[in-house]
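Heads up, target23.cif below (mmCIF, C-alpha atoms):
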```
data_data
#
loop_
_atom_site.label_atom_id
_atom_site.label_comp_id
_atom_site.auth_asym_id
_atom_site.auth_seq_id
_atom_site.Cartn_x
_atom_site.Cartn_y
_atom_site.Cartn_z
CA MET A 118 11.27 15.30 -13.27
CA THR A 119 10.08 11.73 -13.23
CA ARG A 120 10.72 9.65 -16.28
CA THR A 121 8.31 7.11 -17.60
CA VAL A 122 9.90 3.67 -17.60
CA VAL A 123 7.05 1.65 -19.07
CA ARG A 124 4.36 2.85 -21.43
CA ALA A 125 1.65 0.42 -22.53
CA SER A 126 -1.35 1.28 -24.63
CA GLY A 127 -3.92 -1.15 -25.90
CA LEU A 128 -1.64 -3.95 -24.77
CA THR A 129 -3.25 -7.27 -25.56
CA LYS A 130 -2.34 -10.95 -25.18
CA ARG A 131 -4.52 -13.74 -26.46
CA TYR A 132 -4.09 -17.48 -26.09
CA GLY A 133 -6.37 -18.94 -28.74
CA SER A 134 -9.85 -17.69 -27.96
CA PHE A 135 -8.88 -16.66 -24.42
CA THR A 136 -7.90 -13.04 -23.93
CA ALA A 137 -5.49 -12.95 -21.00
CA VAL A 138 -4.76 -9.24 -21.23
CA ASP A 139 -7.39 -7.10 -22.88
CA ALA A 140 -6.22 -3.79 -24.39
CA VAL A 141 -4.79 -2.29 -21.20
CA ASP A 142 -3.30 1.18 -20.91
CA PHE A 143 -0.92 2.11 -18.12
CA SER A 144 2.48 3.55 -17.45
CA LEU A 145 5.12 3.05 -14.79
CA GLU A 146 7.11 6.03 -13.58
CA GLU A 147 10.73 5.86 -12.56
CA ASN A 148 11.64 5.11 -8.93
CA ARG A 149 8.24 4.19 -7.58
CA ILE A 150 7.02 1.01 -5.91
CA TYR A 151 3.99 -0.42 -7.66
CA GLY A 152 1.56 -3.05 -6.47
CA LEU A 153 0.17 -5.21 -9.26
CA LEU A 154 -2.81 -6.81 -7.60
CA GLY A 155 -5.54 -9.16 -8.70
CA ARG A 156 -6.90 -12.66 -8.38
CA ASN A 157 -5.35 -15.81 -9.76
CA GLY A 158 -5.57 -15.80 -13.54
CA ALA A 159 -6.35 -12.08 -13.65
CA GLY A 160 -3.48 -11.48 -16.07
CA LYS A 161 -0.77 -10.17 -13.73
CA THR A 162 1.94 -12.60 -14.75
CA THR A 163 1.07 -12.24 -18.45
CA VAL A 164 1.50 -8.46 -18.17
CA MET A 165 4.86 -8.90 -16.47
CA GLN A 166 6.01 -11.45 -19.03
CA MET A 167 5.26 -9.01 -21.83
CA LEU A 168 7.02 -6.17 -19.99
CA THR A 169 10.10 -8.33 -19.55
CA GLY A 170 10.16 -9.50 -23.15
CA GLN A 171 9.46 -13.16 -22.35
CA ILE A 172 6.35 -13.31 -24.51
CA PHE A 173 5.14 -11.19 -27.40
CA PRO A 174 1.93 -9.16 -27.22
CA ASN A 175 -0.76 -9.75 -29.86
CA GLY A 176 -1.64 -6.11 -30.07
CA GLY A 177 -1.08 -2.63 -28.74
CA GLU A 178 2.04 -0.63 -28.08
CA LEU A 179 4.63 -1.36 -25.44
CA GLU A 180 7.73 0.62 -24.61
CA VAL A 181 10.13 -0.25 -21.80
CA PHE A 182 12.98 2.24 -21.37
CA GLY A 183 11.84 3.75 -24.65
CA ARG A 184 11.70 0.64 -26.84
CA ALA A 185 10.13 -2.77 -27.27
CA PRO A 186 11.63 -5.03 -24.59
CA ALA A 187 11.87 -8.32 -26.50
CA GLU A 188 15.33 -9.08 -27.86
CA HIS A 189 16.77 -5.69 -26.94
CA ALA A 190 19.70 -6.45 -24.70
CA ASP A 191 20.10 -2.85 -23.54
CA VAL A 192 16.53 -2.97 -22.19
CA LEU A 193 16.63 -6.47 -20.73
CA ARG A 194 19.92 -5.75 -18.96
CA ARG A 195 18.08 -3.21 -16.82
CA ILE A 196 15.28 -5.58 -15.88
CA CYS A 197 15.12 -8.20 -13.17
CA PHE A 198 12.15 -10.54 -13.05
CA ILE A 199 11.69 -12.89 -10.10
CA ALA A 200 9.11 -15.47 -11.04
CA GLU A 201 6.84 -17.29 -8.64
CA SER A 202 8.50 -20.62 -9.33
CA GLN A 203 11.89 -19.67 -10.64
CA ARG A 204 13.76 -22.67 -12.12
CA TYR A 205 17.50 -23.13 -11.75
CA PRO A 206 19.83 -25.67 -13.35
CA ASP A 207 19.71 -28.97 -11.41
CA SER A 208 23.42 -28.95 -10.66
CA PHE A 209 23.25 -25.52 -9.03
CA ASN A 210 23.41 -24.61 -5.39
CA ALA A 211 22.55 -21.14 -4.08
CA SER A 212 26.13 -19.90 -4.24
CA HIS A 213 26.25 -20.78 -7.98
CA VAL A 214 23.17 -18.61 -8.48
CA PHE A 215 24.81 -15.68 -6.73
CA THR A 216 28.05 -16.19 -8.66
CA ALA A 217 26.17 -16.12 -11.97
CA ALA A 218 23.90 -13.20 -11.08
CA PRO A 219 26.44 -10.41 -11.78
CA TRP A 220 26.81 -11.72 -15.36
CA PHE A 221 23.24 -10.57 -15.94
CA PHE A 222 22.88 -7.63 -13.57
CA GLU A 223 25.44 -4.88 -13.87
CA SER A 224 24.49 -3.22 -10.57
CA TRP A 225 24.78 -6.48 -8.60
CA ASP A 226 25.93 -5.86 -5.03
CA ALA A 227 27.68 -9.00 -3.76
CA ALA A 228 28.10 -7.65 -0.21
CA PHE A 229 24.39 -6.92 0.00
CA ALA A 230 23.61 -10.43 -1.29
CA GLU A 231 25.88 -11.89 1.41
CA ARG A 232 24.10 -9.93 4.11
CA LEU A 233 20.75 -11.17 2.82
CA VAL A 234 21.99 -14.78 2.84
CA ASP A 235 22.73 -14.33 6.56
CA ASP A 236 19.36 -12.64 7.17
CA PHE A 237 17.46 -15.48 5.52
CA ARG A 238 19.81 -18.17 6.94
CA LEU A 239 20.10 -19.65 3.49
CA PRO A 240 22.38 -22.71 3.16
CA LEU A 241 24.69 -21.82 0.27
CA LYS A 242 26.14 -25.23 -0.49
CA ARG A 243 22.93 -27.24 -0.60
CA TYR A 244 21.61 -28.21 -4.05
CA ILE A 245 18.74 -26.02 -5.17
CA LYS A 246 16.44 -29.02 -5.49
CA LYS A 247 17.12 -29.94 -1.85
CA LEU A 248 16.06 -26.52 -0.58
CA SER A 249 12.70 -26.07 1.10
CA ARG A 250 10.03 -24.07 -0.68
CA GLY A 251 10.73 -21.06 1.55
CA GLN A 252 14.50 -21.28 1.02
CA LEU A 253 13.94 -21.44 -2.72
CA SER A 254 11.84 -18.30 -2.49
CA ALA A 255 14.64 -16.68 -0.47
CA VAL A 256 17.07 -17.31 -3.35
CA GLY A 257 14.75 -15.38 -5.69
CA VAL A 258 14.20 -12.57 -3.22
CA ILE A 259 17.97 -12.18 -2.73
CA VAL A 260 18.58 -12.07 -6.49
CA GLY A 261 15.78 -9.52 -6.90
CA LEU A 262 17.08 -7.23 -4.17
CA ALA A 263 20.84 -7.49 -4.75
CA SER A 264 20.53 -7.07 -8.53
CA ARG A 265 19.39 -3.46 -7.97
CA ALA A 266 17.96 -3.52 -11.48
CA PRO A 267 16.35 -0.19 -12.50
CA LEU A 268 13.13 -2.13 -13.14
CA THR A 269 12.55 -5.07 -10.80
CA PHE A 270 9.55 -7.38 -10.81
CA PHE A 271 8.64 -9.64 -7.92
CA ASP A 272 5.89 -12.04 -8.97
CA GLU A 273 4.53 -13.65 -5.79
CA PRO A 274 8.09 -13.85 -4.52
CA TYR A 275 7.48 -15.46 -1.19
CA LEU A 276 5.73 -18.78 -1.46
CA GLY A 277 6.66 -20.72 1.66
CA LEU A 278 8.51 -17.83 3.31
CA ASP A 279 7.63 -17.59 6.99
CA ALA A 280 6.38 -14.38 8.59
CA VAL A 281 9.83 -13.44 9.89
CA ALA A 282 11.43 -13.90 6.48
CA ARG A 283 8.70 -11.87 4.78
CA GLN A 284 9.26 -9.06 7.27
CA ILE A 285 12.98 -9.19 6.51
CA PHE A 286 12.15 -8.95 2.82
CA TYR A 287 9.93 -5.87 3.32
CA ASP A 288 12.44 -4.16 5.60
CA ARG A 289 15.44 -4.77 3.33
CA LEU A 290 13.41 -3.72 0.29
CA LEU A 291 12.49 -0.38 1.91
CA GLU A 292 15.99 0.29 3.23
CA ASP A 293 17.68 -0.49 -0.04
CA TYR A 294 15.07 1.32 -2.11
CA ALA A 295 15.61 4.46 0.02
CA GLU A 296 19.33 4.35 -0.74
CA HIS A 297 19.08 3.12 -4.31
CA PRO A 298 15.76 4.27 -5.74
CA ARG A 299 14.44 2.17 -8.60
CA THR A 300 11.17 1.05 -10.09
CA ILE A 301 9.75 -1.99 -8.34
CA VAL A 302 6.64 -3.95 -9.25
CA LEU A 303 5.35 -6.21 -6.52
CA SER A 304 2.67 -8.70 -7.46
CA THR A 305 1.12 -10.40 -4.50
CA HIS A 306 -1.94 -11.83 -2.81
CA LEU A 307 -0.77 -10.75 0.64
CA ILE A 308 -2.11 -7.27 0.06
CA ASP A 309 -2.45 -6.10 3.66
CA GLU A 310 1.16 -7.03 4.38
CA VAL A 311 2.56 -4.86 1.62
CA ALA A 312 -0.09 -2.13 1.50
CA ASN A 313 2.08 0.47 3.24
CA LEU A 314 5.09 -0.21 1.03
CA LEU A 315 3.29 0.61 -2.17
CA GLU A 316 3.15 4.04 -3.71
CA HIS A 317 0.85 3.23 -6.58
CA LEU A 318 -1.67 0.48 -7.24
CA LEU A 319 -2.68 -1.32 -10.39
CA VAL A 320 -5.57 -3.70 -9.87
CA ILE A 321 -6.20 -6.08 -12.72
CA ASP A 322 -9.16 -8.39 -13.17
CA GLN A 323 -10.06 -10.58 -16.13
CA GLY A 324 -7.35 -8.98 -18.23
CA ARG A 325 -8.47 -5.40 -17.58
CA ILE A 326 -7.21 -2.66 -15.30
CA LEU A 327 -9.83 -1.94 -12.65
CA LEU A 328 -7.87 0.62 -10.68
CA ASP A 329 -4.80 2.73 -11.42
CA ARG A 330 -4.36 5.12 -8.49
CA ASP A 331 -1.94 6.27 -5.81
CA ALA A 332 -2.14 4.11 -2.71
CA ASP A 333 -2.70 7.19 -0.55
CA GLU A 334 -5.79 8.13 -2.52
CA VAL A 335 -7.18 4.63 -2.17
CA ARG A 336 -6.54 4.36 1.56
CA GLY A 337 -9.66 5.36 3.48
CA SER A 338 -11.60 5.81 0.25
CA ALA A 339 -14.07 3.09 1.25
CA THR A 340 -15.98 2.56 4.48
CA THR A 341 -18.20 -0.18 5.79
CA VAL A 342 -21.41 1.06 7.40
CA ALA A 343 -23.13 -1.38 9.73
CA GLY A 344 -26.30 -1.22 11.78
CA GLY A 345 -30.06 -1.57 11.46
CA ARG A 346 -31.06 -2.19 7.85
CA ALA A 347 -33.38 0.83 7.54
CA ALA A 348 -30.80 3.23 8.98
CA VAL A 349 -27.98 1.80 6.85
CA GLU A 350 -30.07 1.99 3.69
CA SER A 351 -31.03 5.61 4.32
CA PHE A 352 -27.40 6.54 4.99
CA VAL A 353 -26.05 4.87 1.84
CA ALA A 354 -28.97 5.88 -0.40
CA ASP A 355 -27.02 8.42 -2.50
CA ARG A 356 -23.62 6.77 -2.29
CA ALA A 357 -21.71 4.36 -4.47
CA VAL A 358 -22.20 0.91 -2.95
CA ILE A 359 -19.46 -1.63 -3.64
CA GLY A 360 -20.44 -4.42 -1.28
CA ARG A 361 -23.45 -5.53 0.68
CA GLU A 362 -23.99 -8.09 3.40
CA GLY A 363 -26.72 -8.65 5.88
CA ILE A 364 -28.49 -10.93 8.27
CA GLY A 365 -32.04 -10.43 9.50
CA GLY A 366 -32.60 -6.78 10.32
CA LEU A 367 -28.90 -5.97 10.25
CA ALA A 368 -26.99 -4.77 7.23
CA SER A 369 -23.38 -4.02 6.48
CA VAL A 370 -22.78 -2.03 3.34
CA THR A 371 -19.43 -0.94 1.91
CA ILE A 372 -19.44 2.41 0.16
CA ASP A 373 -16.88 4.12 -2.01
CA GLY A 374 -15.92 7.74 -1.35
CA ARG A 375 -14.43 9.50 1.64
CA LEU A 376 -16.72 10.49 4.50
CA SER A 377 -16.78 14.05 5.80
CA GLN A 378 -16.92 14.96 9.47
CA ALA A 379 -20.62 15.79 8.99
CA ASP A 380 -21.20 12.30 7.52
CA ARG A 381 -19.55 10.75 10.56
CA ILE A 382 -21.70 12.74 12.94
CA GLN A 383 -24.80 11.80 10.98
CA ALA A 384 -23.81 8.14 11.13
CA ALA A 385 -23.24 8.36 14.88
CA GLU A 386 -26.63 9.97 15.35
CA LEU A 387 -28.26 7.16 13.35
CA GLY A 388 -26.47 4.68 15.61
CA LEU A 389 -24.37 3.26 12.76
CA GLU A 390 -20.92 1.75 13.10
CA LEU A 391 -18.32 2.95 10.61
CA ALA A 392 -15.34 0.76 9.92
CA PRO A 393 -12.42 1.46 7.60
CA VAL A 394 -11.95 -0.95 4.72
CA SER A 395 -8.44 -2.27 4.31
CA LEU A 396 -6.88 -2.31 0.89
CA GLN A 397 -7.22 -6.08 0.83
CA GLN A 398 -10.93 -5.97 1.64
CA LEU A 399 -11.46 -3.25 -0.94
CA ILE A 400 -9.85 -5.38 -3.61
CA VAL A 401 -11.89 -8.39 -2.56
CA HIS A 402 -14.99 -6.24 -3.05
CA MET A 403 -13.79 -4.96 -6.41
CA THR A 404 -12.68 -8.25 -7.89
CA GLY A 405 -14.96 -10.70 -6.11
CA THR A 406 -18.37 -11.77 -7.24
CA ASP A 407 -20.51 -10.90 -4.27
CA LEU A 408 -23.18 -13.57 -4.50
CA ARG A 409 -24.82 -12.56 -1.29
CA ALA A 410 -25.20 -9.01 -2.56
CA ASP A 411 -27.34 -10.22 -5.45
CA ALA A 412 -29.51 -12.19 -3.06
CA ILE A 413 -30.05 -9.16 -0.84
CA GLU A 414 -30.88 -6.90 -3.73
CA GLN A 415 -33.46 -9.36 -4.97
CA GLU A 416 -34.85 -9.54 -1.49
CA VAL A 417 -35.02 -5.74 -1.26
CA ALA A 418 -36.67 -5.55 -4.67
CA ALA A 419 -39.27 -8.16 -3.74
CA MET B 320 -1.27 2.91 11.45
CA ASP B 321 -4.97 3.62 11.13
CA GLU B 322 -6.53 2.14 7.99
CA SER B 323 -9.12 4.83 7.48
CA ARG B 324 -6.88 7.79 6.68
CA PRO B 325 -3.95 8.45 4.36
CA ILE B 326 -0.66 7.47 6.01
CA PHE B 327 1.04 10.75 5.13
CA LEU B 328 -1.55 12.62 7.21
CA GLN B 329 -0.91 10.29 10.12
CA ILE B 330 2.83 10.86 9.88
CA ALA B 331 2.29 14.63 9.88
CA GLU B 332 -0.03 14.31 12.88
CA GLN B 333 2.45 12.18 14.77
CA VAL B 334 5.12 14.87 14.40
CA GLU B 335 2.57 17.52 15.38
CA ASN B 336 1.72 15.57 18.53
CA ASP B 337 5.39 15.33 19.42
CA ILE B 338 5.74 19.09 18.96
CA ILE B 339 2.64 19.81 21.06
CA ASP B 340 3.70 17.56 23.96
CA GLY B 341 7.20 19.01 23.86
CA SER B 342 9.13 15.87 22.89
CA LEU B 343 10.17 17.69 19.69
CA PRO B 344 11.03 21.23 20.90
CA GLU B 345 11.06 24.18 18.51
CA GLY B 346 14.37 24.39 16.70
CA SER B 347 15.02 20.64 17.02
CA GLN B 348 15.62 18.35 14.08
CA ILE B 349 12.94 15.87 13.05
CA PRO B 350 13.84 12.41 11.68
CA SER B 351 14.63 12.15 7.97
CA THR B 352 12.14 10.86 5.45
CA ASN B 353 14.04 7.59 5.15
CA GLU B 354 14.15 7.18 8.91
CA PHE B 355 10.38 7.63 9.08
CA ALA B 356 9.91 5.18 6.22
CA ALA B 357 12.09 2.50 7.82
CA PHE B 358 10.64 2.96 11.31
CA LEU B 359 6.99 3.02 10.24
CA ARG B 360 7.53 0.52 7.40
CA VAL B 361 5.99 2.76 4.80
CA ASN B 362 7.02 3.87 1.34
CA PRO B 363 9.56 6.75 1.51
CA ALA B 364 7.40 8.76 -0.93
CA THR B 365 4.56 8.57 1.59
CA ALA B 366 6.83 9.75 4.40
CA LEU B 367 8.05 12.59 2.19
CA LYS B 368 4.47 13.64 1.52
CA GLY B 369 3.83 13.79 5.27
CA VAL B 370 6.94 15.89 5.89
CA ASN B 371 6.12 18.17 2.95
CA ARG B 372 2.73 18.82 4.46
CA LEU B 373 4.43 20.06 7.62
CA VAL B 374 6.70 22.26 5.50
CA ASP B 375 3.67 23.73 3.66
CA ASP B 376 2.02 24.45 6.99
CA GLY B 377 5.17 26.19 8.23
CA ILE B 378 5.55 23.69 11.08
CA VAL B 379 8.99 22.52 9.99
CA GLU B 380 11.56 24.09 7.69
CA LYS B 381 14.21 22.65 5.47
CA ARG B 382 17.83 23.58 6.07
CA ARG B 383 19.66 22.61 2.97
CA GLY B 384 22.03 19.73 3.37
CA ILE B 385 21.26 19.32 7.06
CA GLY B 386 17.65 18.28 7.46
CA MET B 387 14.24 19.35 8.72
CA PHE B 388 13.76 21.49 11.83
CA VAL B 389 10.75 22.56 13.90
CA THR B 390 10.05 26.25 13.27
CA LEU B 391 9.78 28.87 16.00
CA GLY B 392 6.17 29.42 16.99
CA ALA B 393 5.13 26.03 15.58
CA ARG B 394 3.81 24.76 18.90
CA ALA B 395 1.56 27.78 19.54
CA ARG B 396 0.12 27.58 16.03
CA LEU B 397 -0.57 23.86 16.31
CA ILE B 398 -2.30 24.29 19.65
CA GLU B 399 -4.47 27.05 18.20
CA ARG B 400 -5.46 24.83 15.29
CA ARG B 401 -6.17 21.82 17.48
CA ARG B 402 -8.34 23.96 19.79
CA ALA B 403 -10.43 25.03 16.81
CA GLN B 404 -11.03 21.36 15.93
CA PHE B 405 -11.64 20.25 19.49
CA ALA B 406 -15.39 20.88 19.51
CA THR B 407 -16.20 18.91 16.35
CA GLU B 408 -13.75 16.08 16.97
CA TYR B 409 -14.24 15.45 20.67
CA ILE B 410 -17.17 17.37 22.16
CA ARG B 411 -19.75 16.58 19.51
CA PRO B 412 -19.28 12.77 19.56
CA LEU B 413 -19.30 12.94 23.37
CA ILE B 414 -22.66 14.71 23.38
CA VAL B 415 -24.12 12.29 20.81
CA GLU B 416 -23.16 9.31 22.97
CA ALA B 417 -24.31 11.03 26.16
CA GLU B 418 -27.73 11.76 24.67
CA LYS B 419 -28.02 8.15 23.57
CA LEU B 420 -27.54 7.13 27.21
CA GLY B 421 -29.85 9.81 28.59
CA ILE B 422 -27.07 11.82 30.24
CA ASP B 423 -27.96 15.51 30.24
CA ILE B 424 -25.46 18.34 29.92
CA ASP B 425 -25.25 19.05 33.68
CA GLU B 426 -24.66 15.39 34.46
CA LEU B 427 -22.06 15.26 31.68
CA ALA B 428 -20.26 18.27 33.15
CA GLY B 429 -20.29 16.55 36.53
CA LEU B 430 -18.83 13.39 34.99
CA LEU B 431 -16.07 15.41 33.32
CA ARG B 432 -15.12 17.02 36.62
CA ALA B 433 -15.21 13.70 38.49
CA GLU B 434 -13.04 12.05 35.83
CA ARG B 435 -10.55 14.89 36.05
CA ILE B 436 -10.21 14.49 39.80
CA ASN B 437 -9.75 10.72 39.47
CA SER B 438 -6.99 10.92 36.92
#
```
Now that the file is in, can you turn its structure into structure tokens?
Amino acid sequence: MTRTVVRASGLTKRYGSFTAVDAVDFSLEENRIYGLLGRNGAGKTTVMQMLTGQIFPNGGELEVFGRAPAEHADVLRRICFIAESQRYPDSFNASHVFTAAPWFFESWDAAFAERLVDDFRLPLKRYIKKLSRGQLSAVGVIVGLASRAPLTFFDEPYLGLDAVARQIFYDRLLEDYAEHPRTIVLSTHLIDEVANLLEHLLVIDQGRILLDRDADEVRGSATTVAGGRAAVESFVADRAVIGREGIGGLASVTIDGRLSQADRIQAAELGLELAPVSLQQLIVHMTGTDLRADAIEQEVAA
Amino acid sequence: MDESRPIFLQIAEQVENDIIDGSLPEGSQIPSTNEFAAFLRVNPATALKGVNRLVDDGIVEKRRGIGMFVTLGARARLIERRRAQFATEYIRPLIVEAEKLGIDIDELAGLLRAERINS
């Protein structure tokens, strides 16, 4: 039986006349890895701040581990939130951070943290403010992993981390999650890098949830069809189009919905190229304003 | 991993391929879900879904507390299933492309034979 860790309904946050999060409904189940995806300013961080009791919602219901998170120590104790630009006291070095961490996280694993320090080659005795951007991110990543909090949020955790360090992060996350299952929310722009780690996706745009589906259902659910404009248009005529590009007599149209074997044969017979759409491209289509698409549709209409 | 299809299907297919080519003999143990997840860098739930599919198809069986093992007769059943799909997945696209290039069936058969001798 999976337990629901977070339940939000009609959750809303307004800043003056700006609605950052607009009456969203979603839930997070225990021991799954979620991807919270969306553009800058979409409302991702605001959602996470409400879930972690850092700010109060203006409306709606929110339960984390069965109760409102703000000011409930028994809830907050089980949560770890790694912010994009986590601040630390000026007099701290990394080893101070790791010494203080177990005061807040009861499942803290010091040996695991030590191993991660080696993996990331993090200098322990250097003042936090003297660390490079990537090293600072490594401090956050280590706290997030070694805390083993039942509900862990990583909000763009790896600014400045190089490709090797990001790979270490993904590998350690998977290994440790397999041994110590917990609920993890990963918010990131590097969608293709993390796509395979995620079990469930929440895509948010302009304060609303655009997509709330299992990653496996989303994978391969969109296809780009390219070829001669007439052939492409006839192939996509009865399908849900989510993106359109073209030049001269050539068109490339992205459609939603899985293709059957018969569809593929038909496309091959029409001389069309079918290309899978990566999760990242799909989200670009869903959350981007496709200016060129409007232009083409006007052109087609004319 | 191929972007166009669910990963769990690809994991199941990979194991099936290993069974068909004999690298995973019947009765042998397949890697654990966590081993698949770590090796392929995918979510363990996805790997579990792939393995469960093989269990549902009777290709592998769970021995409690030990792990997953290839069932007896799995290889023959997989080959039978793959043969049934062979025409639509391989022959049909081949004919479509051949027709595009003006290669008739006799010429295509000749090409197949020639290719076989070369390899």
Straight-line distance linking atom CA of B:Asn362 with atom CA of A:Ala295, stated in Å to one decimal |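 About the pair atom CA of B:Asn362 and atom CA of A:Ala295: they are 8.7 Å apart.
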Residue IDs satisfying the PyMOL selection byres ((chain B and resi 380) around 10), as a list of chain:residue names |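 Applying the expression gives B:Gly346, B:Gln348, B:Ile349, B:Val370, B:Asn371, B:Leu373, B:Val374, B:Asp375, B:Asp376, B:Gly377, B:Ile378, B:Val379, B:Lys381, B:Arg382, B:Arg383, B:Gly386, B:Met387, B:Phe388, B:Val389, B:Thr390, B:Leu391.
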Name the residues in contact with A:Thr162 at a cut-off of 9 Å, using all atoms listed in the file, excluding same-chain residues fewer than 3 positions from it; report them as a PyMOL selection string.
-> chain A and resi 158-159+165-167+200+272+304
Between atom CA of A:Glu390 and atom CA of A:Val342, distance in Å (one decimal) =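 For atom CA of A:Glu390 relative to atom CA of A:Val342, the distance reads 5.8 Å.
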Which residue of B:Ile436, B:Ala393, B:Val415, B:Ile339 approaches chain A most closely, using only C-alpha atoms = B:Val415
Hey, can you check how far atom CA of A:Leu193 sits from atom CA of A:Phe271?
->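 Computing it gives 15.4 Å between the two atoms.
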Report as JSON lines: every residue of stretch 363-405 of chain B with an atom at most 8 Å from stretch 320-333 of chain B, its closest pair of atoms, and their distance in Å to one decimal, counting only C-alpha atoms, with rows sorted by chain and ascending residue number.
```
{"residue": "B:Thr365", "atom": "CA", "partner": "B:Phe327", "partner_atom": "CA", "distance": 5.4}
{"residue": "B:Ala366", "atom": "CA", "partner": "B:Phe327", "partner_atom": "CA", "distance": 5.9}
{"residue": "B:Leu367", "atom": "CA", "partner": "B:Phe327", "partner_atom": "CA", "distance": 7.8}
{"residue": "B:Lys368", "atom": "CA", "partner": "B:Phe327", "partner_atom": "CA", "distance": 5.8}
{"residue": "B:Gly369", "atom": "CA", "partner": "B:Phe327", "partner_atom": "CA", "distance": 4.1}
{"residue": "B:Val370", "atom": "CA", "partner": "B:Ala331", "partner_atom": "CA", "distance": 6.3}
{"residue": "B:Arg372", "atom": "CA", "partner": "B:Ala331", "partner_atom": "CA", "distance": 6.9}
{"residue": "B:Leu373", "atom": "CA", "partner": "B:Ala331", "partner_atom": "CA", "distance": 6.3}
```
Compute the set of chain A residues within 8 Å of chain B, using only C-alpha atoms, and express it as a ChimeraX atom specification.
-> /A:150,287-288,291-292,295,313-316,333-334,336-338,340,378,382,385-386,392-395
Can I get the selected residues back with C-alpha atoms, as an mmCIF file, keeping the file's coordinate frame?
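The file below, out_20.cif, is the result:
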```cif
data_model
loop_
_atom_site.group_PDB
_atom_site.id
_atom_site.type_symbol
_atom_site.label_atom_id
_atom_site.label_comp_id
_atom_site.auth_asym_id
_atom_site.auth_seq_id
_atom_site.Cartn_x
_atom_site.Cartn_y
_atom_site.Cartn_z
ATOM 1 C CA ILE A 150 7.020 1.010 -5.910
ATOM 2 C CA TYR A 287 9.930 -5.870 3.320
ATOM 3 C CA ASP A 288 12.440 -4.160 5.600
ATOM 4 C CA LEU A 291 12.490 -0.380 1.910
ATOM 5 C CA GLU A 292 15.990 0.290 3.230
ATOM 6 C CA ALA A 295 15.610 4.460 0.020
ATOM 7 C CA ASN A 313 2.080 0.470 3.240
ATOM 8 C CA LEU A 314 5.090 -0.210 1.030
ATOM 9 C CA LEU A 315 3.290 0.610 -2.170
ATOM 10 C CA GLU A 316 3.150 4.040 -3.710
ATOM 11 C CA ASP A 333 -2.700 7.190 -0.550
ATOM 12 C CA GLU A 334 -5.790 8.130 -2.520
ATOM 13 C CA ARG A 336 -6.540 4.360 1.560
ATOM 14 C CA GLY A 337 -9.660 5.360 3.480
ATOM 15 C CA SER A 338 -11.600 5.810 0.250
ATOM 16 C CA THR A 340 -15.980 2.560 4.480
ATOM 17 C CA GLN A 378 -16.920 14.960 9.470
ATOM 18 C CA ILE A 382 -21.700 12.740 12.940
ATOM 19 C CA ALA A 385 -23.240 8.360 14.880
ATOM 20 C CA GLU A 386 -26.630 9.970 15.350
ATOM 21 C CA ALA A 392 -15.340 0.760 9.920
ATOM 22 C CA PRO A 393 -12.420 1.460 7.600
ATOM 23 C CA VAL A 394 -11.950 -0.950 4.720
ATOM 24 C CA SER A 395 -8.440 -2.270 4.310
#
```
Written as number ranges by chain, what is the full residue list that the PyMOL selection byres ((chain A and resi 175-188) around 7) yields on the file shown?
-> A: 122-131, 140, 168-171, 173-174, 189-190, 192-193
